[in-house]
Amino acid sequence: MQKSVRPQFWLAALLVLAAAGPALAQSARPTVAVLNFDYGTVQKWWSGNQDIGQGISDLIVDELVNDGSYRVIERKRLDAILAEQDFSNSERADPSAKTLAAVGKALGVKYLIVGSITKFGTEDSSKKVGGGLFGGGKFGLGAVGTKEGKANVAVTARIIDTTTGEIMASAKGEGTSKRSGLLLGGAGGGGGAGGGGMIDFSSSDFRDTILGEATEAAVKQTAEKLIAAKARLAAESSKQ
């Protein structure tokens, strides 16, 4: 007759499984690095040398980190590696095989997220906007009091395997906001007529504008599709 397993054994086994659970969940999360997005297709209407692509990619990173599906490499580490590789802005949306391999090896990441901003603008229905203008006075940087305006932001992103160069997933997001209110706040100026200035993507002032609302919607859509792609990445990893 077999001896019954002592209760102490089961207790020890349960403790081991409980301790291993978080570690297994951690290892199941793909590690990714997010490059600054390219915005070469968007006509620049803001003043200064602000990197809109970095602002958008930072928002994408925040969404991925908050969701927890991916482990995301810290920007400082990524920037240091890219500097060593003489990475050029022209590679933001389409990195070379050499860059992919170098980043993957140096950071220990299998996947790189790259992207482009295809729309980023505001339009005042009265065609009178404070700040820098282009396109017949339709688009601009600055606040316009209670004028009715419209903002459009569109983002595309891809997950690329750094070892093979294969595109594992593609995601697109678009946001539109139209209402009475600020086209773009926090740009300087006064009395409802803003001047040129920097855009702070993380500020509540920006999020309260219609451009901020459109940006948030586009980023969330894009991030949701990137998060949904985790299942495919996990499936591919299990085959190897």
# chains A, B, ... in the order shown; residues from 1 in each chain; ligands from 1
>>> residues_around(residues="Ala217 of chain A", least_positions_apart="6", cutoff="12 Å", atoms="only C-alpha atoms", output="short mmCIF file (atom, residue, chain, number, x, y, z; two decimals) with N, CA and C atoms, in the first residue's frame")
data_model
loop_
_atom_site.label_atom_id
_atom_site.label_comp_id
_atom_site.auth_asym_id
_atom_site.auth_seq_id
_atom_site.Cartn_x
_atom_site.Cartn_y
_atom_site.Cartn_z
N ILE A 56 5.16 61.86 -29.23
CA ILE A 56 4.20 60.80 -29.51
C ILE A 56 4.71 59.46 -29.01
N LEU A 59 4.29 59.01 -25.34
CA LEU A 59 2.92 58.67 -24.97
C LEU A 59 2.62 57.20 -25.23
N ILE A 60 3.16 56.66 -26.32
CA ILE A 60 3.01 55.24 -26.62
C ILE A 60 3.66 54.41 -25.51
N GLU A 63 1.53 54.25 -22.41
CA GLU A 63 0.40 53.33 -22.55
C GLU A 63 0.85 51.88 -22.38
N ALA A 151 -9.30 69.21 -34.94
CA ALA A 151 -7.94 68.70 -34.88
C ALA A 151 -7.92 67.27 -35.39
N ASN A 152 -6.88 66.94 -36.15
CA ASN A 152 -6.70 65.59 -36.67
C ASN A 152 -5.29 65.10 -36.37
N VAL A 153 -5.20 63.90 -35.82
CA VAL A 153 -3.90 63.27 -35.54
C VAL A 153 -3.99 61.81 -35.98
N ALA A 154 -3.00 61.35 -36.73
CA ALA A 154 -2.96 59.95 -37.17
C ALA A 154 -1.56 59.39 -36.94
N VAL A 155 -1.50 58.17 -36.44
CA VAL A 155 -0.24 57.53 -36.09
C VAL A 155 -0.21 56.10 -36.63
N LYS A 172 -2.46 51.09 -36.41
CA LYS A 172 -2.78 52.46 -36.82
C LYS A 172 -3.81 53.04 -35.85
N GLY A 173 -3.68 54.33 -35.60
CA GLY A 173 -4.64 55.01 -34.75
C GLY A 173 -4.90 56.40 -35.28
N GLU A 174 -6.14 56.85 -35.17
CA GLU A 174 -6.49 58.18 -35.64
C GLU A 174 -7.46 58.83 -34.68
N GLY A 175 -7.24 60.10 -34.41
CA GLY A 175 -8.11 60.84 -33.52
C GLY A 175 -8.56 62.14 -34.13
N THR A 176 -9.82 62.47 -33.95
CA THR A 176 -10.38 63.73 -34.43
C THR A 176 -11.18 64.36 -33.32
N SER A 177 -11.00 65.64 -33.12
CA SER A 177 -11.77 66.36 -32.11
C SER A 177 -12.27 67.66 -32.71
N ARG A 207 -3.75 68.38 -22.90
CA ARG A 207 -4.79 67.36 -23.01
C ARG A 207 -6.18 67.97 -23.09
N ILE A 210 -8.31 70.63 -28.18
CA ILE A 210 -8.82 69.65 -29.14
C ILE A 210 -7.67 68.89 -29.80
N LEU A 211 -6.50 69.52 -29.95
CA LEU A 211 -5.35 68.79 -30.49
C LEU A 211 -4.89 67.73 -29.49
N ALA A 223 -1.79 52.08 -29.37
CA ALA A 223 -1.27 51.25 -28.28
C ALA A 223 -2.12 50.00 -28.07
N GLU A 224 -3.43 50.12 -28.18
CA GLU A 224 -4.31 48.96 -28.00
C GLU A 224 -4.00 47.87 -29.03
#
>>> residues_around(residues="segment 77-79 of chain A", least_positions_apart="5", cutoff="12 Å", atoms="only C-alpha atoms", output="number ranges by chain")
A: 32-36, 54, 72, 84-88, 99, 102-109, 112-113
